[in-house]
Amino acid sequence: MNKKKKIVLIVIAIIAIVLSFVGGQTFARYMSKIMGKGTANIASWSFKVNENEEKLQTISLKSTMNNSSLLDNKIAPGTEGEFHIKLDATGLEVGINYVIKFENESPKPTNLKFVYDRKTYNTLSDLQEDLTGVINANDENKVKDLIIGWNWKYETGTTAEEISKSDAIDTQNAKEINDYTFDIIITGTQIEPQS
């Protein structure tokens with residue numbers, strides 16, 4: 001390529017750049033730039049159980065007993081008590097589904113029963129099926145106090161044979177079980193908003 005052609009090509013390129021700049025400026029006179037901001041307040045989350053957030057609790061029934069006739073607050077046939085699970089969604093700005101589960105259960109005395117909402121349960125796994133619920137975002141009271149009773153009846157059964165059999169089971173349990181404990185796991189999950 002000769003020198004003249006190179007110069008002509010460079011001049012054409014410069015003219016094209018200048019024209020696009022001038023043309024762009026012409027179109028720019030008719031453009032508007034409007035700015036704004038997007039904003040959203042995030043709903044607060046503050047779910048507590050027994051005044052604590054995200055803490056696993058161990059319940060020992062001997063510490064919940066309503067009977068002072070035994071040494072060192074030990075449980076035995078004829079004792080009973082209750083423990084509370086206080087769910088607090090105060091300050092929560094969304095609805096919540098809660099589920100209560102029991103894990104790491106040590107051996108339980110056979111005749112020990114649980115009572116919740118006037119219903120009797122033989123095992124914690126039976127009880128936990130009824131320990132689910134909802135605290136709605138617009139509920140006036142966002143605190144739920146679940147009271148779970150327990151009892152180990154003295155001489156259970158209706159006939160002399162049933163009572164004798166239960167007494168033998170209670171005696172064996174008393175020899176083998178020193179303390180009955182279990183962990184409580186409470187999960188609170190936001191309710192999915194409906195459109």
# chains A, B, ... in the order shown; residues from 1 in each chain; ligands from 1
call {"tool": "select_by_dssp", "arguments": {"residues": "range 43-191 of chain A", "states": "strand (DSSP E)", "output": "PyMOL selection string"}}
result
chain A and resi 48-49+57-60+79-88+96-103+112-116+119-121+132-135+143-152+181-190
call {"tool": "residues_around", "arguments": {"residues": "Val143 in chain A", "least_positions_apart": "4", "cutoff": "8 Å", "atoms": "only C-alpha atoms", "output": "number ranges by chain"}}
result
A: 86-90
call {"tool": "write_last_selection", "arguments": {"atoms": "N, CA and C atoms", "output": "short mmCIF file (atom, residue, chain, number, x, y, z; two decimals), in the first residue's frame"}}
result
data_model
loop_
_atom_site.label_atom_id
_atom_site.label_comp_id
_atom_site.auth_asym_id
_atom_site.auth_seq_id
_atom_site.Cartn_x
_atom_site.Cartn_y
_atom_site.Cartn_z
N LYS A 86 -41.38 -22.05 76.74
CA LYS A 86 -41.91 -20.72 76.44
C LYS A 86 -41.37 -20.27 75.08
N LEU A 87 -42.26 -20.12 74.11
CA LEU A 87 -41.90 -19.67 72.78
C LEU A 87 -42.23 -18.18 72.68
N ASP A 88 -41.26 -17.39 72.29
CA ASP A 88 -41.44 -15.93 72.26
C ASP A 88 -41.08 -15.39 70.88
N ALA A 89 -42.08 -14.92 70.16
CA ALA A 89 -41.86 -14.34 68.83
C ALA A 89 -42.10 -12.82 68.88
N THR A 90 -42.00 -12.23 70.07
CA THR A 90 -42.17 -10.79 70.21
C THR A 90 -41.13 -10.08 69.35
#
call {"tool": "residues_around", "arguments": {"residues": "Ala168 in chain A", "least_positions_apart": "4", "cutoff": "12 Å", "atoms": "only C-alpha atoms", "output": "list in words"}}
result
Pro77, Pro109, Thr110, Asn111, Tyr154, Glu155, Thr156, Glu161, Glu162, Ile163, Ser164, Gln172, Asn173, Ala174 and Lys175 of chain A
call {"tool": "closest_residue", "arguments": {"among": "A:Ser60, A:Thr189, A:Lys6, A:Gly78", "to": "Ser106 in chain A", "atoms": "only C-alpha atoms"}}
result
A:Ser60
